[in-house]
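Student: Next up, upload39.cif (mmCIF, C-alpha atoms).
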```
data_upload
loop_
_atom_site.label_atom_id
_atom_site.label_comp_id
_atom_site.auth_asym_id
_atom_site.auth_seq_id
_atom_site.Cartn_x
_atom_site.Cartn_y
_atom_site.Cartn_z
CA MET N 1 0.00 0.00 0.00
CA LYS N 2 1.27 3.49 -0.83
CA ILE N 3 0.79 5.97 2.01
CA ALA N 4 1.53 9.68 1.63
CA LEU N 5 2.23 11.58 4.85
CA ILE N 6 1.75 15.28 4.19
CA ASN N 7 2.97 17.88 6.66
CA GLY N 8 0.82 21.00 6.25
CA SER N 9 2.75 23.23 8.65
CA PRO N 10 4.44 26.32 7.21
CA LYS N 11 7.36 25.78 9.58
CA ALA N 12 10.47 24.38 7.89
CA LYS N 13 11.43 22.28 10.92
CA GLY N 14 10.36 21.45 14.43
CA SER N 15 6.63 21.59 13.78
CA ALA N 16 4.20 19.63 15.93
CA SER N 17 2.66 18.29 12.70
CA GLY N 18 6.04 16.89 11.65
CA LEU N 19 6.57 15.24 15.02
CA ILE N 20 3.10 13.69 14.93
CA LEU N 21 3.67 12.25 11.45
CA LYS N 22 7.06 10.88 12.50
CA GLU N 23 5.43 8.96 15.34
CA LEU N 24 2.65 7.75 13.06
CA GLN N 25 5.16 6.50 10.51
CA GLU N 26 6.85 4.38 13.18
CA LEU N 27 3.54 2.62 13.76
CA LEU N 28 2.92 1.81 10.11
CA SER N 29 4.11 -1.49 8.69
CA PRO N 30 7.45 -1.25 6.84
CA GLU N 31 5.82 -3.22 4.05
CA ASN N 32 3.99 -0.06 3.06
CA LYS N 33 5.56 2.39 0.68
CA ILE N 34 5.67 5.65 2.64
CA VAL N 35 6.03 8.99 0.89
CA ASN N 36 6.81 12.08 2.96
CA LEU N 37 5.75 15.50 1.68
CA HIS N 38 5.78 18.98 3.17
CA PHE N 39 3.32 21.60 1.87
CA ARG N 40 4.88 24.84 3.12
CA LYS N 41 3.93 27.21 0.31
CA LYS N 42 0.76 28.20 -1.50
CA GLN N 43 1.41 25.65 -4.21
CA PRO N 44 2.50 22.05 -3.97
CA GLY N 45 5.61 21.40 -6.04
CA SER N 46 5.15 19.50 -9.28
CA SER N 47 7.34 16.73 -7.87
CA ASP N 48 5.00 16.58 -4.84
CA LEU N 49 2.04 15.94 -7.12
CA GLN N 50 3.99 13.23 -8.93
CA LEU N 51 4.80 11.57 -5.63
CA LEU N 52 1.14 11.59 -4.61
CA ARG N 53 0.04 9.67 -7.67
CA ASN N 54 -1.45 6.25 -6.99
CA SER N 55 -1.48 6.81 -3.26
CA ASN N 56 -3.91 4.51 -1.48
CA VAL N 57 -3.84 6.69 1.60
CA MET N 58 -3.07 10.34 2.27
CA VAL N 59 -2.60 11.61 5.81
CA PHE N 60 -2.55 15.38 6.28
CA ALA N 61 -1.19 16.83 9.52
CA PHE N 62 -1.46 20.55 10.10
CA PRO N 63 -1.76 23.23 12.79
CA LEU N 64 -5.09 24.89 13.47
CA TYR N 65 -5.06 28.51 12.30
CA VAL N 66 -8.04 30.66 13.31
CA ASP N 67 -10.38 27.67 13.75
CA SER N 68 -9.49 26.26 10.35
CA LEU N 69 -6.68 25.23 7.99
CA PRO N 70 -3.69 27.49 7.34
CA SER N 71 -4.39 29.50 4.18
CA HIS N 72 -1.45 28.05 2.22
CA LEU N 73 -2.77 24.52 2.81
CA LEU N 74 -6.22 25.57 1.60
CA SER N 75 -4.59 26.81 -1.64
CA CYS N 76 -2.74 23.51 -2.02
CA LEU N 77 -5.96 21.54 -1.53
CA ILE N 78 -7.71 23.49 -4.28
CA GLN N 79 -4.93 22.53 -6.68
CA LEU N 80 -4.86 18.97 -5.43
CA GLU N 81 -8.61 18.71 -5.96
CA ASP N 82 -8.02 19.38 -9.65
CA GLU N 83 -5.19 16.87 -9.78
CA LEU N 84 -7.27 14.19 -8.12
CA LYS N 85 -9.73 14.37 -10.96
CA ASN N 86 -6.83 13.33 -13.19
CA ALA N 87 -6.90 9.66 -14.18
CA ALA N 88 -3.43 9.03 -12.73
CA PHE N 89 -4.75 9.31 -9.20
CA SER N 90 -6.25 6.37 -7.40
CA LYS N 91 -10.02 6.62 -7.05
CA ASP N 92 -10.11 4.57 -3.89
CA CYS N 93 -7.71 6.85 -2.04
CA THR N 94 -8.63 7.29 1.63
CA VAL N 95 -7.75 10.58 3.31
CA TYR N 96 -7.09 11.05 7.03
CA ALA N 97 -6.29 14.31 8.79
CA ILE N 98 -4.57 15.21 12.04
CA ALA N 99 -5.20 18.78 13.21
CA ASN N 100 -3.40 20.12 16.25
CA CYS N 101 -4.17 23.33 18.11
CA GLY N 102 -2.49 25.38 20.81
CA PHE N 103 -5.62 25.27 22.93
CA TYR N 104 -5.91 22.47 25.44
CA GLU N 105 -9.07 20.90 24.04
CA GLY N 106 -8.60 18.74 20.96
CA CYS N 107 -12.27 19.18 20.09
CA GLN N 108 -11.48 22.74 18.97
CA ASN N 109 -10.05 21.15 15.79
CA ILE N 110 -13.36 19.67 14.76
CA LEU N 111 -14.24 22.34 12.16
CA ALA N 112 -10.87 21.89 10.46
CA LEU N 113 -11.58 18.16 10.23
CA ASN N 114 -15.02 18.92 8.79
CA ILE N 115 -13.39 21.14 6.16
CA MET N 116 -11.11 18.26 5.21
CA LYS N 117 -14.16 16.00 4.96
CA ASN N 118 -15.87 18.54 2.70
CA TRP N 119 -12.72 18.68 0.57
CA CYS N 120 -12.78 14.89 0.18
CA ALA N 121 -16.35 15.08 -1.10
CA ARG N 122 -15.28 17.65 -3.72
CA ALA N 123 -12.13 15.79 -4.71
CA GLY N 124 -13.87 12.43 -5.03
CA VAL N 125 -11.75 10.64 -2.44
CA ILE N 126 -12.83 8.76 0.68
CA TRP N 127 -12.84 10.55 4.01
CA GLY N 128 -11.22 8.26 6.57
CA GLY N 129 -11.68 10.49 9.61
CA GLY N 130 -9.22 12.37 11.73
CA LEU N 131 -7.61 13.25 15.01
CA GLY N 132 -8.07 16.53 16.87
CA VAL N 133 -4.99 17.01 19.01
CA GLY N 134 -5.17 19.48 21.88
CA ALA N 135 -2.19 21.30 23.42
CA GLY N 136 -0.11 20.93 20.28
CA GLY N 137 2.38 23.32 21.85
CA MET N 138 3.44 20.48 24.15
CA MET N 139 4.46 18.20 21.28
CA PRO N 140 8.13 19.26 21.10
CA VAL N 141 8.36 19.01 24.91
CA ILE N 142 6.89 15.51 25.20
CA ASN N 143 8.53 14.23 22.04
CA SER N 144 11.19 12.29 23.94
CA ILE N 145 8.69 10.62 26.32
CA ALA N 146 8.03 6.96 25.56
CA ALA N 147 4.83 6.23 23.66
CA GLY N 148 1.83 5.59 25.89
CA LYS N 149 3.48 7.04 28.99
CA GLY N 150 2.49 10.04 31.14
CA PRO N 151 1.18 13.01 29.14
CA LYS N 152 1.39 10.97 25.93
CA LYS N 153 -1.11 8.30 26.93
CA ASN N 154 -4.10 9.69 25.04
CA PHE N 155 -1.96 10.74 22.10
CA SER N 156 -0.39 7.32 21.66
CA GLY N 157 -3.75 5.58 22.03
CA ALA N 158 -5.33 7.72 19.32
CA LEU N 159 -2.32 7.32 17.04
CA ASN N 160 -2.44 3.53 17.45
CA THR N 161 -6.12 3.52 16.52
CA LEU N 162 -5.43 5.69 13.49
CA SER N 163 -2.51 3.57 12.25
CA ASP N 164 -4.61 0.44 12.66
CA ARG N 165 -7.45 1.95 10.59
CA ILE N 166 -5.02 3.24 7.98
CA SER N 167 -3.59 -0.24 7.50
CA ARG N 168 -7.11 -1.44 6.64
CA GLN N 169 -8.18 1.76 4.91
CA GLU N 170 -11.15 1.92 7.26
CA THR N 171 -13.08 5.03 8.15
CA ILE N 172 -13.12 6.10 11.78
CA GLU N 173 -15.09 8.59 13.80
CA ASN N 174 -12.99 11.65 14.58
CA ILE N 175 -11.02 11.25 17.80
CA CYS N 176 -10.40 14.47 19.72
CA PHE N 177 -8.32 14.47 22.87
CA SER N 178 -6.24 16.51 25.28
CA PRO N 179 -2.91 15.52 26.82
CA ASN N 180 -2.77 13.63 30.12
CA PHE N 181 -1.65 16.80 31.82
CA PRO N 182 -3.63 19.28 33.95
CA ARG N 183 -5.17 22.12 31.99
CA PHE N 184 -4.24 24.82 34.52
CA LEU N 185 -0.60 23.74 34.40
CA TYR N 186 -0.63 23.87 30.61
CA LYS N 187 -1.96 27.43 30.82
CA LEU N 188 0.66 28.45 33.39
CA ALA N 189 3.51 26.86 31.45
CA GLY N 190 2.33 28.41 28.19
CA GLU N 191 2.13 31.89 29.63
CA MET N 192 5.51 31.50 31.30
CA GLY N 193 6.85 30.58 27.88
CA TRP N 194 5.38 33.75 26.31
CA ARG N 195 7.02 35.90 29.02
CA LYS N 196 10.40 34.27 28.54
CA ALA N 197 10.18 34.56 24.76
CA VAL N 198 9.27 38.26 24.79
CA LYS N 199 12.17 38.99 27.16
CA ASP N 200 14.52 36.97 24.94
CA ASN N 201 13.51 39.35 22.17
CA GLY N 202 14.68 42.32 24.23
CA LEU N 203 11.19 43.43 25.23
CA LYS N 204 9.51 43.69 28.60
CA ARG N 205 6.70 41.55 29.96
CA ARG N 206 4.25 44.45 29.67
CA ASP N 207 5.00 44.67 25.93
CA LEU N 208 2.96 41.49 25.45
CA SER N 209 -0.09 43.72 26.00
CA ARG N 210 1.04 46.54 23.68
CA LYS N 211 -1.77 48.22 21.74
CA GLN N 212 -1.41 49.75 18.29
CA VAL N 213 -4.32 52.18 18.72
CA MET I 1 -15.59 52.81 11.27
CA LYS I 2 -16.16 49.80 9.02
CA LEU I 3 -13.64 47.24 7.79
CA ILE I 4 -14.38 45.29 4.61
CA ILE I 5 -12.27 42.22 3.82
CA HIS I 6 -13.18 40.79 0.43
CA ASP I 7 -11.91 38.58 -2.37
CA LEU I 8 -13.82 40.27 -5.19
CA THR I 9 -12.33 42.27 -8.03
CA GLU I 10 -12.25 46.03 -7.51
CA ASP I 11 -14.89 46.42 -10.25
CA THR I 12 -17.28 44.04 -8.54
CA LEU I 13 -16.81 45.73 -5.20
CA GLN I 14 -17.51 49.06 -6.88
CA LYS I 15 -20.80 47.70 -8.24
CA ILE I 16 -21.87 46.44 -4.83
CA TYR I 17 -20.63 49.49 -3.01
CA PRO I 18 -20.91 52.40 -5.49
CA GLU I 19 -20.14 54.91 -2.79
CA ILE I 20 -17.67 53.59 -0.30
CA ALA I 21 -17.27 55.97 2.59
CA ALA I 22 -13.80 57.47 2.70
CA GLU I 23 -13.21 56.33 6.24
CA TYR I 24 -13.88 52.67 5.46
CA ILE I 25 -10.88 50.37 5.51
CA ILE I 26 -10.94 48.05 2.49
CA ILE I 27 -8.75 44.97 2.40
CA SER I 28 -8.47 43.62 -1.14
CA ASP I 29 -6.47 40.88 -2.79
CA CYS I 30 -3.47 42.61 -4.34
CA ASP I 31 -2.02 39.24 -5.28
CA ASN I 32 0.99 39.66 -3.05
CA ILE I 33 -0.16 38.64 0.40
CA GLN I 34 2.33 36.51 2.29
CA PRO I 35 1.02 33.59 4.33
CA CYS I 36 1.30 33.47 8.12
CA ILE I 37 4.35 31.38 9.03
CA GLY I 38 3.28 30.65 12.62
CA CYS I 39 6.27 32.49 14.10
CA PHE I 40 4.26 34.35 16.80
CA GLY I 41 6.33 37.45 16.03
CA CYS I 42 3.09 39.47 16.18
CA TRP I 43 2.88 38.53 19.89
CA LEU I 44 6.55 38.32 20.85
CA LYS I 45 8.65 40.59 18.61
CA THR I 46 6.38 43.43 17.48
CA PRO I 47 3.36 42.86 19.76
CA GLY I 48 0.14 43.86 18.04
CA ALA I 49 1.59 43.92 14.50
CA CYS I 50 2.63 41.18 12.09
CA ILE I 51 6.36 41.06 11.37
CA ILE I 52 5.85 40.26 7.68
CA LYS I 53 6.15 43.65 6.01
CA ASP I 54 3.54 43.77 3.30
CA ALA I 55 0.20 45.55 2.89
CA TYR I 56 -1.45 43.24 5.42
CA CYS I 57 0.85 43.65 8.44
CA GLU I 58 -1.52 45.93 10.37
CA MET I 59 -4.62 43.78 10.42
CA GLY I 60 -4.77 43.71 14.23
CA LYS I 61 -4.77 47.50 14.30
CA ASN I 62 -7.32 47.67 11.48
CA ILE I 63 -9.75 45.46 13.36
CA ALA I 64 -9.16 47.42 16.57
CA MET I 65 -10.21 50.63 14.83
CA CYS I 66 -13.52 49.30 13.52
CA SER I 67 -16.93 48.79 15.04
CA GLU I 68 -18.06 46.57 12.17
CA VAL I 69 -16.24 44.02 10.04
CA LEU I 70 -17.77 42.74 6.80
CA ILE I 71 -16.20 39.68 5.17
CA ILE I 72 -17.13 38.79 1.60
CA SER I 73 -15.68 35.43 0.61
CA LYS I 74 -16.10 32.60 -1.79
CA CYS I 75 -17.08 29.54 0.26
CA VAL I 76 -14.35 26.93 -0.14
CA TYR I 77 -15.05 23.53 1.46
CA GLY I 78 -17.02 25.31 4.20
CA SER I 79 -14.14 27.69 4.87
CA TYR I 80 -13.22 31.11 3.55
CA SER I 81 -11.28 31.45 0.31
CA PRO I 82 -7.48 31.21 0.66
CA PHE I 83 -7.07 35.00 0.44
CA ILE I 84 -9.64 35.77 3.15
CA LYS I 85 -8.24 33.00 5.32
CA ASN I 86 -4.76 34.42 4.78
CA VAL I 87 -5.92 37.83 5.99
CA LEU I 88 -7.51 36.25 9.08
CA ASP I 89 -4.38 34.20 9.77
CA ARG I 90 -2.42 37.46 9.64
CA SER I 91 -4.87 39.09 12.09
CA ILE I 92 -4.08 37.22 15.29
CA SER I 93 -2.16 40.21 16.63
CA TYR I 94 -5.66 41.52 17.45
CA ILE I 95 -5.77 39.11 20.39
CA HIS I 96 -3.37 38.51 23.29
CA PRO I 97 -1.21 35.40 23.64
CA TYR I 98 -2.35 34.77 27.21
CA PHE I 99 -5.10 32.22 27.72
CA THR I 100 -8.51 32.44 29.35
CA PHE I 101 -11.52 30.14 29.60
CA LYS I 102 -14.82 30.79 27.83
CA ASN I 103 -17.70 28.34 27.73
CA GLY I 104 -15.48 25.78 29.40
CA GLU I 105 -12.84 26.00 26.66
CA MET I 106 -9.43 27.60 26.42
CA HIS I 107 -9.17 30.71 24.27
CA HIS I 108 -6.84 33.69 24.04
CA GLN I 109 -7.39 36.84 26.06
CA GLN I 110 -8.37 40.15 24.48
CA ARG I 111 -5.67 42.65 23.62
CA TYR I 112 -8.30 45.34 23.07
CA LYS I 113 -11.16 45.36 25.59
CA ARG I 114 -13.91 45.90 23.06
CA ASP I 115 -16.51 44.24 20.87
CA PHE I 116 -17.32 44.63 17.17
CA ASP I 117 -20.05 43.40 14.86
CA LEU I 118 -19.24 40.75 12.27
CA LYS I 119 -21.14 40.15 9.05
CA VAL I 120 -20.08 37.46 6.61
CA ILE I 121 -21.29 36.90 3.06
CA PHE I 122 -20.28 33.60 1.47
CA TYR I 123 -20.84 33.19 -2.24
CA GLY I 124 -20.58 30.23 -4.59
CA GLY I 125 -22.79 28.46 -7.07
CA ASP I 126 -22.85 25.02 -5.58
CA ILE I 127 -22.25 25.32 -1.86
CA THR I 128 -23.38 22.05 -0.29
CA THR I 129 -25.49 21.74 2.85
CA GLU I 130 -22.49 20.35 4.73
CA GLU I 131 -20.31 23.25 3.60
CA LYS I 132 -22.92 25.77 4.71
CA GLU I 133 -23.16 24.11 8.09
CA THR I 134 -19.38 24.10 8.50
CA ALA I 135 -19.11 27.74 7.40
CA GLN I 136 -21.82 28.83 9.86
CA LYS I 137 -20.01 27.11 12.70
CA LEU I 138 -16.67 28.52 11.56
CA VAL I 139 -17.91 32.11 11.72
CA ARG I 140 -19.33 31.52 15.21
CA ALA I 141 -16.06 29.94 16.35
CA ASN I 142 -14.16 32.94 14.94
CA ALA I 143 -16.47 35.25 16.87
CA VAL I 144 -15.63 33.50 20.13
CA ASN I 145 -11.91 33.85 19.49
CA LEU I 146 -12.08 37.43 18.18
CA TYR I 147 -14.54 38.66 20.82
CA CYS I 148 -17.10 39.92 18.34
CA THR I 149 -20.83 39.56 17.74
CA VAL I 150 -22.07 37.77 14.63
CA LYS I 151 -24.76 39.93 13.05
CA SER I 152 -25.34 37.80 9.97
CA VAL I 153 -23.99 34.95 7.88
CA THR I 154 -25.40 35.02 4.36
CA PHE I 155 -24.98 32.53 1.52
CA LEU I 156 -25.41 33.68 -2.07
CA ASP I 157 -25.38 31.66 -5.26
CA SER I 158 -23.67 34.39 -7.21
CA ILE I 159 -21.86 37.67 -6.87
CA GLN I 160 -24.70 39.34 -8.79
CA GLU I 161 -27.06 38.64 -5.91
CA MET I 162 -24.84 40.81 -3.74
CA GLU I 163 -25.81 43.89 -5.68
CA ALA I 164 -29.36 43.47 -4.41
CA LEU I 165 -28.24 43.26 -0.80
CA ASP I 166 -28.30 46.24 1.47
CA ILE I 167 -24.84 45.90 2.94
#
```
Show me this structure written as structure tokens.
Tutor:
Amino acid sequence: MKIALINGSPKAKGSASGLILKELQELLSPENKIVNLHFRKKQPGSSDLQLLRNSNVMVFAFPLYVDSLPSHLLSCLIQLEDELKNAAFSKDCTVYAIANCGFYEGCQNILALNIMKNWCARAGVIWGGGLGVGAGGMMPVINSIAAGKGPKKNFSGALNTLSDRISRQETIENICFSPNFPRFLYKLAGEMGWRKAVKDNGLKRRDLSRKQV
Amino acid sequence: MKLIIHDLTEDTLQKIYPEIAAEYIIISDCDNIQPCIGCFGCWLKTPGACIIKDAYCEMGKNIAMCSEVLIISKCVYGSYSPFIKNVLDRSISYIHPYFTFKNGEMHHQQRYKRDFDLKVIFYGGDITTEEKETAQKLVRANAVNLYCTVKSVTFLDSIQEMEALDI
């Protein structure tokens, strides 16, 4: 089976989407042909479109931007919709999506997953369902923690379910989850991070609240 | 003041709005908008303004100056068109990076302690029921995050229908 893993983050490296796909890939059977793509610009590269041909499965992972998909990924999907109508693309392709947001609650990704489902209907491919990952900002921090342990318990469970369904090209209900980590601590840690970052940029804590008018 | 964010041609906008008040802020697609790169520079380097220096770097300020925002967008998969979405992605400097809880969910705090009215017009010839439902929910979710009040969400089959609207 040919599986395309598509990172939809505009970040060149270190994105939560990239880390999530890396963990997913480790769960997929090595017998599969895995293709890794990164849509960072408004247009997919022509070589990207070539690589996607005859994929049985596509998995998109992306950050939530303003309750939806990042604009560059939306542009790429419009072009991909046209390509998918081309005969060279598999008609039984199943599409899964993994949206991650900075908010604690994974369910805040649900509209982005619905948009991906609507795209599938337009493009004539099968919607396989998706994951809504909360507290995506924690991903780089918990990356080194063993799968299934501590704050990664829910994440690993959902990823296992997804990889299992992918291997059978089955459709799942969306799975939305938060990390196994207290919400108030996530808030505190996040805000501490903002204060440190603004100071590292030579500004003061109060500058975080600067107004332009 | 009113802010209009649209993805129409200038000619079409002129037909819909023959007399645009001079104080209105109009955000049009000049074909050179840069996408948000998720750097958080608008919160951490130049708080309140996007660090990408193009015609769209002051969206947070633009929203803060307006009591009404009108979005006119093609409906794409139940979302806004890429241009409108790009403008919104570049507008997060309007809110504060700190978190708060609303309706039991985490959201960002307000940078500007104020409200504004939001009207959205989606157009497209074959918008499906599912896409309409998604788009309705999307606008309401945006309103929660941007601390604004949704006044209307309208779906039109064609741009021509807009000319008949009193907007």
Student: Residue by residue, what does the PyMOL selection byres ((chain I) within 7 of (chain N)) grab here? Present the result as an MDAnalysis selection string.
Tutor: chainID I and resid 35 37 43:45 47:48 61 77:79 82 85:86 89 96 98:99 105:107 111 131 134 138 141:142
Student: Report as a PDB file with C-alpha atoms, in the coordinates of the input the full result of the PyMOL selection byres ((chain N and resi 25-29) around 12) when it is applied to this structure.
Tutor:
```pdb
ATOM      1  CA  MET N   1       0.000   0.000   0.000  1.00  0.00           C
ATOM      2  CA  LYS N   2       1.270   3.490  -0.830  1.00  0.00           C
ATOM      3  CA  ILE N   3       0.790   5.970   2.010  1.00  0.00           C
ATOM      4  CA  ALA N   4       1.530   9.680   1.630  1.00  0.00           C
ATOM      5  CA  LEU N   5       2.230  11.580   4.850  1.00  0.00           C
ATOM      6  CA  ILE N   6       1.750  15.280   4.190  1.00  0.00           C
ATOM      7  CA  GLY N  18       6.040  16.890  11.650  1.00  0.00           C
ATOM      8  CA  LEU N  19       6.570  15.240  15.020  1.00  0.00           C
ATOM      9  CA  ILE N  20       3.100  13.690  14.930  1.00  0.00           C
ATOM     10  CA  LEU N  21       3.670  12.250  11.450  1.00  0.00           C
ATOM     11  CA  LYS N  22       7.060  10.880  12.500  1.00  0.00           C
ATOM     12  CA  GLU N  23       5.430   8.960  15.340  1.00  0.00           C
ATOM     13  CA  LEU N  24       2.650   7.750  13.060  1.00  0.00           C
ATOM     14  CA  PRO N  30       7.450  -1.250   6.840  1.00  0.00           C
ATOM     15  CA  GLU N  31       5.820  -3.220   4.050  1.00  0.00           C
ATOM     16  CA  ASN N  32       3.990  -0.060   3.060  1.00  0.00           C
ATOM     17  CA  LYS N  33       5.560   2.390   0.680  1.00  0.00           C
ATOM     18  CA  ILE N  34       5.670   5.650   2.640  1.00  0.00           C
ATOM     19  CA  VAL N  35       6.030   8.990   0.890  1.00  0.00           C
ATOM     20  CA  ASN N  36       6.810  12.080   2.960  1.00  0.00           C
ATOM     21  CA  VAL N  57      -3.840   6.690   1.600  1.00  0.00           C
ATOM     22  CA  VAL N  59      -2.600  11.610   5.810  1.00  0.00           C
ATOM     23  CA  ALA N 147       4.830   6.230  23.660  1.00  0.00           C
ATOM     24  CA  SER N 156      -0.390   7.320  21.660  1.00  0.00           C
ATOM     25  CA  GLY N 157      -3.750   5.580  22.030  1.00  0.00           C
ATOM     26  CA  ALA N 158      -5.330   7.720  19.320  1.00  0.00           C
ATOM     27  CA  LEU N 159      -2.320   7.320  17.040  1.00  0.00           C
ATOM     28  CA  ASN N 160      -2.440   3.530  17.450  1.00  0.00           C
ATOM     29  CA  THR N 161      -6.120   3.520  16.520  1.00  0.00           C
ATOM     30  CA  LEU N 162      -5.430   5.690  13.490  1.00  0.00           C
ATOM     31  CA  SER N 163      -2.510   3.570  12.250  1.00  0.00           C
ATOM     32  CA  ASP N 164      -4.610   0.440  12.660  1.00  0.00           C
ATOM     33  CA  ARG N 165      -7.450   1.950  10.590  1.00  0.00           C
ATOM     34  CA  ILE N 166      -5.020   3.240   7.980  1.00  0.00           C
ATOM     35  CA  SER N 167      -3.590  -0.240   7.500  1.00  0.00           C
ATOM     36  CA  ARG N 168      -7.110  -1.440   6.640  1.00  0.00           C
TER      37      ARG N 168
END
```
Student: Suppose a student applies the PyMOL selection byres ((chain I and resi 156) around 9) to this structure; what residues should they get, written as JSON, numbers by chain?
Tutor: {"I": [121, 122, 123, 124, 125, 127, 154, 155, 157, 158, 159, 160, 161, 162]}
Student: So which one's closest to Thr9 in chain I, I:Asn62, I:Ser73, I:Thr46, I:Asn145? Using all atoms listed in the file, please.
Tutor: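 Of I:Asn62, I:Ser73, I:Thr46, I:Asn145, the one nearest Thr9 in chain I, counting all atoms listed in the file, is I:Ser73.
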Student: Name all residues at most 8 Å from Gly128 in chain N (count all atoms listed in the file; drop same-chain ones fewer than 5 positions away) and give them as a list in words.
Tutor: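 Using all atoms listed in the file, the neighbours found are Thr94, Val95, Tyr96, Gln169, Glu170, Thr171 and Ile172 of chain N.
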Student: From the options I:Met1, I:Ile33, I:Ala64, I:Val144, which residue's atoms come nearest to Ile20 in chain I, counting only C-alpha atoms?
Tutor: I:Met1
Student: Can you work out which one of I:Leu3, I:Val76, I:Val120, I:Ala135 has the shortest atom-to-atom distance to Thr149 in chain I, counting all atoms listed in the file?
Tutor: I:Val120
Student: Excluding Ile25 in chain I and any residue of its chain fewer than 3 positions from it, enumerate the residues within 12 Å of it, using all atoms listed in the file, and give them as a ChimeraX atom specification.
Tutor: /I:1-6,20-22,28,56,58-59,61-71
Student: Pull the neighbourhood of (-6.3, 5.3, -8.8) for me: all residues within 10 Å in file coordinates, counting only C-alpha atoms, as a PyMOL selection string.
Tutor: chain N and resi 53-56+84-93+125
Student: Have a look at CA of Ala146 in chain N and CA of Gly8 in chain N and let me know their distance in Å, one decimal.
Tutor: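 Atom-to-atom, CA of Ala146 in chain N to CA of Gly8 in chain N, that is 24.9 Å.
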Student: Could you pull the residues within 12 Å of Asn154 in chain N, counting all atoms listed in the file, minus those fewer than 2 positions along the same chain, as a ChimeraX atom specification?
Tutor: /N:106,131-135,147-152,156-161,175-181
Student: How about saving the chosen residues, C-alpha atoms kept, as an mmCIF file, keeping the file's coordinate frame?
Tutor:
```cif
data_model
loop_
_atom_site.group_PDB
_atom_site.id
_atom_site.type_symbol
_atom_site.label_atom_id
_atom_site.label_comp_id
_atom_site.auth_asym_id
_atom_site.auth_seq_id
_atom_site.Cartn_x
_atom_site.Cartn_y
_atom_site.Cartn_z
ATOM 1 C CA GLY N 106 -8.600 18.740 20.960
ATOM 2 C CA LEU N 131 -7.610 13.250 15.010
ATOM 3 C CA GLY N 132 -8.070 16.530 16.870
ATOM 4 C CA VAL N 133 -4.990 17.010 19.010
ATOM 5 C CA GLY N 134 -5.170 19.480 21.880
ATOM 6 C CA ALA N 135 -2.190 21.300 23.420
ATOM 7 C CA ALA N 147 4.830 6.230 23.660
ATOM 8 C CA GLY N 148 1.830 5.590 25.890
ATOM 9 C CA LYS N 149 3.480 7.040 28.990
ATOM 10 C CA GLY N 150 2.490 10.040 31.140
ATOM 11 C CA PRO N 151 1.180 13.010 29.140
ATOM 12 C CA LYS N 152 1.390 10.970 25.930
ATOM 13 C CA SER N 156 -0.390 7.320 21.660
ATOM 14 C CA GLY N 157 -3.750 5.580 22.030
ATOM 15 C CA ALA N 158 -5.330 7.720 19.320
ATOM 16 C CA LEU N 159 -2.320 7.320 17.040
ATOM 17 C CA ASN N 160 -2.440 3.530 17.450
ATOM 18 C CA THR N 161 -6.120 3.520 16.520
ATOM 19 C CA ILE N 175 -11.020 11.250 17.800
ATOM 20 C CA CYS N 176 -10.400 14.470 19.720
ATOM 21 C CA PHE N 177 -8.320 14.470 22.870
ATOM 22 C CA SER N 178 -6.240 16.510 25.280
ATOM 23 C CA PRO N 179 -2.910 15.520 26.820
ATOM 24 C CA ASN N 180 -2.770 13.630 30.120
ATOM 25 C CA PHE N 181 -1.650 16.800 31.820
#
```
Student: So what do you get for CA of Asp11 in chain I versus CA of Asp117 in chain I, distance-wise?
Tutor: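 Between CA of Asp11 in chain I and CA of Asp117 in chain I the gap is 25.8 Å.
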Student: Would you work out the distance separating CA of Lys53 in chain I from CA of Arg90 in chain I, expressed in Å to one decimal?
Tutor: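 These atoms are spaced 11.2 Å apart.
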Student: So, with all atoms listed in the file as the atoms that count, which of N:Gln79, N:Gly130, N:Ala123, N:Leu185 lies closest to Leu49 in chain N?
Tutor: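 Of the candidates, the smallest distance to Leu49 in chain N is held by N:Gln79.
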